[in-house]
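Below is the file entry.cif, which contains mmCIF, C-alpha atoms.
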```
data_protein
#
loop_
_atom_site.label_atom_id
_atom_site.label_comp_id
_atom_site.auth_asym_id
_atom_site.auth_seq_id
_atom_site.Cartn_x
_atom_site.Cartn_y
_atom_site.Cartn_z
CA MET A 21 158.15 81.37 150.57
CA ALA A 22 158.17 81.81 146.78
CA SER A 23 161.38 81.38 144.83
CA GLY A 24 163.53 84.50 145.12
CA GLN A 25 161.48 85.83 148.04
CA LEU A 26 163.28 86.98 151.17
CA SER A 27 162.17 87.97 154.62
CA ARG A 28 162.95 91.55 155.57
CA ALA A 29 165.66 90.35 157.98
CA GLU A 30 167.24 88.09 155.34
CA ALA A 31 167.27 90.92 152.82
CA LEU A 32 168.94 93.36 155.17
CA ALA A 33 171.51 90.76 156.19
CA CYS A 34 172.65 90.21 152.60
CA SER A 35 176.30 91.20 152.34
CA GLY A 36 177.27 93.13 149.23
CA CYS A 37 173.70 93.46 147.97
CA ARG A 38 172.21 96.67 146.68
CA HIS A 39 168.70 97.65 147.75
CA ALA A 40 165.88 99.43 145.94
CA CYS A 41 162.47 100.37 147.35
CA HIS A 42 159.34 101.11 145.32
CA VAL A 43 155.73 101.77 146.23
CA MET A 44 152.36 101.34 144.58
CA LEU A 45 150.08 104.24 145.48
CA TYR A 46 146.41 103.58 144.91
CA ALA A 47 142.95 104.86 145.77
CA ASP A 48 139.29 104.04 145.21
CA THR A 49 137.24 106.23 142.89
CA LYS A 50 133.64 106.55 141.76
CA ALA A 51 134.66 108.16 138.46
CA GLN A 52 133.46 106.71 135.16
CA LEU A 53 135.12 106.82 131.77
CA PHE A 54 132.77 108.38 129.19
CA GLY A 55 130.17 108.42 131.95
CA ARG A 56 129.54 104.68 131.67
CA ILE A 57 132.71 102.62 132.34
CA PRO A 58 133.50 102.39 136.09
CA ILE A 59 137.16 103.14 136.78
CA LYS A 60 136.81 101.83 140.37
CA HIS A 61 140.45 102.26 141.42
CA ILE A 62 143.42 104.49 140.65
CA ILE A 63 146.92 102.98 140.56
CA LEU A 64 149.88 105.24 139.91
CA MET A 65 152.94 104.20 137.94
CA GLN A 66 155.49 106.26 136.04
CA MET A 67 157.23 106.41 132.70
CA ARG A 68 160.93 106.23 133.46
CA PHE A 69 163.86 107.91 131.72
CA ASP A 70 164.66 104.62 129.95
CA GLY A 71 161.20 104.34 128.40
CA LEU A 72 160.08 101.59 130.79
CA LEU A 73 157.12 101.63 133.17
CA GLY A 74 157.77 101.26 136.88
CA PHE A 75 156.70 102.29 140.35
CA PRO A 76 158.01 105.39 142.16
CA GLY A 77 161.13 104.79 144.24
CA GLY A 78 164.78 104.00 143.82
CA LEU A 79 168.03 102.87 145.40
CA VAL A 80 168.44 103.15 149.17
CA ASN A 81 171.37 102.54 151.52
CA PRO A 82 170.29 100.53 154.59
CA SER A 83 173.62 101.27 156.28
CA GLU A 84 172.74 104.97 156.38
CA GLU A 85 168.93 105.01 156.48
CA THR A 86 165.97 102.75 157.04
CA LEU A 87 164.28 101.30 153.97
CA GLU A 88 161.22 103.45 154.62
CA SER A 89 163.12 106.73 155.10
CA GLY A 90 165.14 106.00 151.96
CA LEU A 91 161.95 105.37 150.00
CA SER A 92 160.39 108.60 151.34
CA ARG A 93 163.51 110.48 150.20
CA GLU A 94 163.20 109.01 146.70
CA LEU A 95 159.49 109.88 146.57
CA SER A 96 160.26 113.46 147.54
CA GLU A 97 162.59 113.72 144.53
CA GLU A 98 160.30 111.95 142.07
CA LEU A 99 156.88 113.11 143.26
CA GLY A 100 157.64 116.46 144.86
CA LEU A 101 155.99 115.36 148.11
CA ALA A 102 157.33 113.86 151.31
CA LEU A 103 155.02 110.87 151.69
CA PRO A 104 155.37 108.92 154.94
CA ILE A 105 155.98 105.22 154.33
CA SER A 106 155.74 102.75 157.22
CA VAL A 107 156.90 99.20 157.84
CA GLU A 108 153.22 98.19 157.68
CA ASP A 109 153.15 99.24 154.01
CA HIS A 110 155.86 96.68 153.17
CA VAL A 111 154.64 93.77 151.02
CA ASP A 112 157.69 91.74 150.07
CA SER A 113 161.41 91.67 149.36
CA CYS A 114 163.00 89.64 146.60
CA TYR A 115 165.98 89.37 144.30
CA ALA A 116 165.53 91.44 141.16
CA PRO A 117 166.16 89.90 137.73
CA PRO A 118 169.84 90.48 136.82
CA SER A 119 170.26 93.52 134.60
CA SER A 120 173.10 91.80 132.74
CA PRO A 121 175.01 88.49 132.91
CA SER A 122 178.14 90.36 134.01
CA SER A 123 176.46 92.17 136.92
CA SER A 124 178.78 91.90 139.93
CA SER A 125 176.29 92.61 142.72
CA ARG A 126 172.75 91.41 143.37
CA LEU A 127 169.88 93.82 143.68
CA ILE A 128 167.13 93.25 146.24
CA THR A 129 163.85 95.03 145.62
CA HIS A 130 161.53 95.95 148.48
CA PHE A 131 157.93 96.53 147.43
CA TYR A 132 155.40 98.63 149.33
CA VAL A 133 151.71 99.38 148.81
CA LYS A 134 150.05 102.47 150.26
CA LYS A 135 146.35 103.29 150.01
CA MET A 136 145.35 106.93 149.80
CA ASP A 137 142.17 108.82 149.08
CA GLU A 138 141.44 110.16 145.61
CA GLU A 139 142.28 113.78 146.41
CA GLN A 140 145.66 112.74 147.81
CA ILE A 141 146.37 110.90 144.57
CA ARG A 142 145.48 114.04 142.62
CA GLU A 143 147.81 116.06 144.84
CA VAL A 144 150.62 113.62 144.07
CA GLU A 145 149.97 113.94 140.33
CA ARG A 146 149.97 117.76 140.51
CA ALA A 147 153.17 117.90 142.55
CA ALA A 148 154.94 115.34 140.34
CA ALA A 149 154.35 117.53 137.29
CA SER A 150 155.05 120.91 138.88
CA THR A 151 157.53 120.68 141.78
CA ALA A 152 159.32 117.30 141.61
CA ALA A 153 163.07 117.67 141.02
CA ASP A 154 163.16 114.58 138.78
CA HIS A 155 160.23 115.51 136.53
CA GLY A 156 161.30 115.45 132.89
CA LEU A 157 164.63 113.88 133.84
CA GLU A 158 164.59 110.53 135.64
CA VAL A 159 160.78 110.55 135.56
CA LEU A 160 159.03 111.46 132.31
CA GLY A 161 155.55 111.50 133.82
CA MET A 162 153.06 109.76 136.08
CA VAL A 163 150.49 107.43 134.53
CA ARG A 164 147.33 105.76 135.80
CA VAL A 165 146.77 102.07 135.19
CA PRO A 166 143.48 101.48 133.32
CA LEU A 167 141.85 98.64 135.26
CA TYR A 168 138.92 98.24 132.86
CA THR A 169 138.71 96.24 129.64
CA MET A 170 137.04 97.78 126.61
CA LYS A 171 135.61 96.12 123.54
CA GLY A 172 138.47 94.91 121.39
CA GLY A 173 140.74 94.43 124.40
CA GLY A 174 141.70 98.06 125.05
CA GLY A 175 142.45 99.28 128.55
CA LEU A 176 144.25 96.98 130.96
CA ALA A 177 145.31 94.52 128.26
CA SER A 178 147.02 97.24 126.23
CA PHE A 179 148.71 98.64 129.33
CA LEU A 180 150.11 95.25 130.34
CA SER A 181 151.60 94.81 126.87
CA HIS A 182 153.99 97.71 127.44
CA SER A 183 157.57 97.21 128.66
CA PHE A 184 158.16 97.28 132.42
CA ILE A 185 161.36 97.58 134.45
CA GLY A 186 162.49 94.48 136.36
CA ASN A 187 159.63 92.76 138.15
CA ALA A 188 157.27 95.77 138.11
CA ARG A 189 154.70 94.01 135.92
CA SER A 190 154.49 90.99 138.25
CA GLN A 191 154.29 93.33 141.26
CA LEU A 192 151.36 95.09 139.61
CA VAL A 193 149.56 91.85 138.71
CA HIS A 194 150.04 90.33 142.17
CA SER A 195 148.85 93.52 143.87
CA MET A 196 145.72 93.75 141.73
CA LEU A 197 144.82 90.19 142.69
CA ARG A 198 145.78 90.45 146.36
CA LEU A 199 143.80 93.66 146.87
CA ASN A 200 140.85 92.50 144.73
CA LEU A 201 141.23 95.49 142.43
CA VAL A 202 140.58 93.31 139.38
CA ALA A 203 138.71 90.00 139.29
CA PRO A 204 140.90 86.99 138.42
CA GLY A 205 138.80 86.23 135.34
CA GLU A 206 139.06 89.80 134.06
CA LEU A 207 142.82 89.82 134.61
CA HIS A 208 143.20 86.49 132.79
CA THR A 209 141.27 87.90 129.83
CA ALA A 210 143.41 91.06 129.84
CA LEU A 211 146.65 89.06 129.89
CA THR A 212 145.41 86.88 127.05
CA HIS A 213 144.66 89.96 124.93
CA SER A 214 148.04 91.41 125.96
CA LEU A 215 149.86 88.40 124.51
CA LYS A 216 148.03 88.92 121.21
CA THR A 217 149.01 92.60 121.29
CA HIS A 218 152.65 91.57 121.71
CA ALA A 219 152.41 89.46 118.54
CA HIS A 220 150.94 92.38 116.55
CA THR A 221 153.54 94.76 118.01
CA LYS A 222 156.34 92.47 116.83
CA GLN A 223 154.93 92.55 113.30
CA ASP A 224 154.67 96.36 113.42
CA LEU A 225 158.27 96.68 114.62
CA GLN A 226 159.51 94.37 111.89
CA ALA A 227 157.68 96.47 109.29
CA ALA A 228 159.14 99.68 110.76
CA LEU A 229 162.62 98.15 110.74
CA ALA A 230 162.26 97.17 107.08
CA LEU A 231 161.13 100.71 106.26
CA THR A 232 164.09 102.34 108.01
CA GLN A 233 166.52 99.94 106.31
CA GLY A 234 165.13 100.95 102.93
CA LEU A 235 165.34 104.66 103.80
CA ARG A 236 168.89 104.22 105.09
CA LYS A 237 170.01 102.61 101.84
CA GLN A 238 168.38 105.42 99.86
CA PHE A 239 170.07 108.03 102.05
CA LEU A 240 173.49 106.45 101.54
CA LYS A 241 172.88 106.23 97.79
CA ASN A 242 171.92 109.93 97.60
CA ALA A 243 174.89 110.93 99.77
CA THR A 244 177.27 109.00 97.53
CA ALA A 245 175.83 110.68 94.46
CA LEU A 246 176.33 114.13 95.97
CA LEU A 247 179.90 113.40 97.03
CA HIS A 248 180.93 111.72 93.77
CA PRO A 249 181.48 114.97 91.75
CA LEU A 250 183.90 116.17 94.42
CA LYS A 251 186.10 113.15 93.77
CA MET A 252 186.31 113.79 90.03
#
```
In structure tokens, write the structure found in this file.
Amino acid sequence: MASGQLSRAEALACSGCRHACHVMLYADTKAQLFGRIPIKHIILMQMRFDGLLGFPGGLVNPSEETLESGLSRELSEELGLALPISVEDHVDSCYAPPSSPSSSSRLITHFYVKKMDEEQIREVERAAASTAADHGLEVLGMVRVPLYTMKGGGGLASFLSHSFIGNARSQLVHSMLRLNLVAPGELHTALTHSLKTHAHTKQDLQAALALTQGLRKQFLKNATALLHPLKM
């Protein structure tokens, strides 16, 4: 068993641990981007309230509900639909990366994968935007993962360069490989381009930071000039 991995029984037996369940919903599709780039599969993720990408789900309390019923409850709030989740959909349980060095309790994440048909995925997307209680609050919107790679590295590479919550990125990568949704070679190429994107993003952020520092100094200078006559 990989480092940090737990059996379901071990996870539930952990005293003092918190538990969170998340699910990857996916479907096959024959759709093509621009009529020529096969999309092949649809994977749903979401933009969270904190600006990070993650999978639908949330905290559950195994002392009051099963993992699956707790996850279904969270999905009802976030997606606006009561999706049945079964033990068979469970993929793994593991310790989540600590949110801070001072965190007093460990978080165990339980990951599920559920295959649906394309129309069911569309129904989830419609409900998430129109009836979900958390839409616009804890969940800013559902997003599809682009599994194709375009000229110049756009598509999957750009998506993987975004910021993800906890171990969501590794859960996505492992699931794409395990389910043969993306060929290993294509994924390797996408990750390579993603690393390059990270380097360019750092440069852009540094330039933006320098710009705001200059504007801040100018603002303070102008404010001082306006206030100075009042002190005379």
| Evaluating the PyMOL selection byres ((chain A and resi 129) around 8) on the displayed file yields which residues, as a ChimeraX atom specification? | /A:39-42,113-116,127-128,130-131
| Option closest in space to Val43 in chain A, from A:Glu30, A:Asp70, A:Glu85, A:Asp109 [counting all atoms listed in the file] | A:Asp109
| message | Which residues, named as in the file, does the PyMOL selection byres ((chain A and resi 176-181) around 7) pick out? Answer as JSON, numbers by chain. | response | {"A": [166, 167, 168, 169, 173, 174, 175, 182, 183, 210, 211, 213, 214, 217, 218]}
| message | Which residues, named as in the file, does the PyMOL selection byres ((chain A and resi 194-204) around 10) pick out? Answer as a VMD selection string. | response | chain A and resid 44 46 48 60 to 63 111 132 to 133 167 to 168 176 188 to 193 205 to 210
| message | Considering only C-alpha atoms, can you say which of A:Asp137, A:Lys171, A:Ser150, A:Leu73 comes closest to Asn187 in chain A? | response |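 Using only C-alpha atoms, the shortest distance to Asn187 in chain A belongs to A:Leu73.
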| Nearest to Asp154 in chain A: which of A:Arg28, A:Arg68, A:Lys241, A:Lys50 is it, counting only C-alpha atoms? | A:Arg68
| task | Take CA of Arg56 in chain A and CA of Glu139 in chain A and report the distance between them in Å, one decimal. | result | 21.5 Å
Missing atoms in range 167-180 of chain A: fill them in up to N, CA, C and O atoms and send the result as a PDB file, in the coordinates of the input.
```pdb
ATOM      1  N   LEU A 167     142.211  99.953 134.727  1.00  0.00           N
ATOM      2  CA  LEU A 167     141.850  98.640 135.260  1.00  0.00           C
ATOM      3  C   LEU A 167     140.622  98.040 134.581  1.00  0.00           C
ATOM      4  O   LEU A 167     140.164  96.969 134.963  1.00  0.00           O
ATOM      5  N   TYR A 168     140.108  98.712 133.578  1.00  0.00           N
ATOM      6  CA  TYR A 168     138.920  98.240 132.860  1.00  0.00           C
ATOM      7  C   TYR A 168     139.356  97.628 131.529  1.00  0.00           C
ATOM      8  O   TYR A 168     140.463  97.846 131.038  1.00  0.00           O
ATOM      9  N   THR A 169     138.464  96.836 130.953  1.00  0.00           N
ATOM     10  CA  THR A 169     138.710  96.240 129.640  1.00  0.00           C
ATOM     11  C   THR A 169     137.601  96.689 128.693  1.00  0.00           C
ATOM     12  O   THR A 169     136.412  96.502 128.974  1.00  0.00           O
ATOM     13  N   MET A 170     137.999  97.277 127.586  1.00  0.00           N
ATOM     14  CA  MET A 170     137.040  97.780 126.610  1.00  0.00           C
ATOM     15  C   MET A 170     136.838  96.756 125.500  1.00  0.00           C
ATOM     16  O   MET A 170     137.571  95.764 125.409  1.00  0.00           O
ATOM     17  N   LYS A 171     135.846  96.996 124.677  1.00  0.00           N
ATOM     18  CA  LYS A 171     135.610  96.120 123.540  1.00  0.00           C
ATOM     19  C   LYS A 171     136.853  96.145 122.640  1.00  0.00           C
ATOM     20  O   LYS A 171     137.400  97.195 122.357  1.00  0.00           O
ATOM     21  N   GLY A 172     137.271  94.988 122.212  1.00  0.00           N
ATOM     22  CA  GLY A 172     138.470  94.910 121.390  1.00  0.00           C
ATOM     23  C   GLY A 172     139.733  94.718 122.210  1.00  0.00           C
ATOM     24  O   GLY A 172     140.827  94.590 121.657  1.00  0.00           O
ATOM     25  N   GLY A 173     139.588  94.704 123.551  1.00  0.00           N
ATOM     26  CA  GLY A 173     140.740  94.430 124.400  1.00  0.00           C
ATOM     27  C   GLY A 173     141.494  95.645 124.886  1.00  0.00           C
ATOM     28  O   GLY A 173     142.537  95.510 125.540  1.00  0.00           O
ATOM     29  N   GLY A 174     141.018  96.854 124.584  1.00  0.00           N
ATOM     30  CA  GLY A 174     141.700  98.060 125.050  1.00  0.00           C
ATOM     31  C   GLY A 174     141.598  98.223 126.558  1.00  0.00           C
ATOM     32  O   GLY A 174     140.761  97.618 127.219  1.00  0.00           O
ATOM     33  N   GLY A 175     142.449  99.048 127.109  1.00  0.00           N
ATOM     34  CA  GLY A 175     142.450  99.280 128.550  1.00  0.00           C
ATOM     35  C   GLY A 175     143.581  98.535 129.230  1.00  0.00           C
ATOM     36  O   GLY A 175     144.756  98.701 128.877  1.00  0.00           O
ATOM     37  N   LEU A 176     143.241  97.687 130.189  1.00  0.00           N
ATOM     38  CA  LEU A 176     144.250  96.980 130.960  1.00  0.00           C
ATOM     39  C   LEU A 176     145.127  96.091 130.090  1.00  0.00           C
ATOM     40  O   LEU A 176     146.343  96.012 130.288  1.00  0.00           O
ATOM     41  N   ALA A 177     144.538  95.413 129.127  1.00  0.00           N
ATOM     42  CA  ALA A 177     145.310  94.520 128.260  1.00  0.00           C
ATOM     43  C   ALA A 177     146.395  95.290 127.511  1.00  0.00           C
ATOM     44  O   ALA A 177     147.549  94.850 127.421  1.00  0.00           O
ATOM     45  N   SER A 178     146.039  96.437 126.961  1.00  0.00           N
ATOM     46  CA  SER A 178     147.020  97.240 126.230  1.00  0.00           C
ATOM     47  C   SER A 178     148.116  97.741 127.160  1.00  0.00           C
ATOM     48  O   SER A 178     149.302  97.759 126.804  1.00  0.00           O
ATOM     49  N   PHE A 179     147.729  98.137 128.367  1.00  0.00           N
ATOM     50  CA  PHE A 179     148.710  98.640 129.330  1.00  0.00           C
ATOM     51  C   PHE A 179     149.710  97.551 129.698  1.00  0.00           C
ATOM     52  O   PHE A 179     150.917  97.795 129.756  1.00  0.00           O
ATOM     53  N   LEU A 180     149.230  96.352 129.946  1.00  0.00           N
ATOM     54  CA  LEU A 180     150.110  95.250 130.340  1.00  0.00           C
ATOM     55  C   LEU A 180     151.045  94.818 129.232  1.00  0.00           C
ATOM     56  O   LEU A 180     152.048  94.138 129.484  1.00  0.00           O
TER      57      LEU A 180
END
```
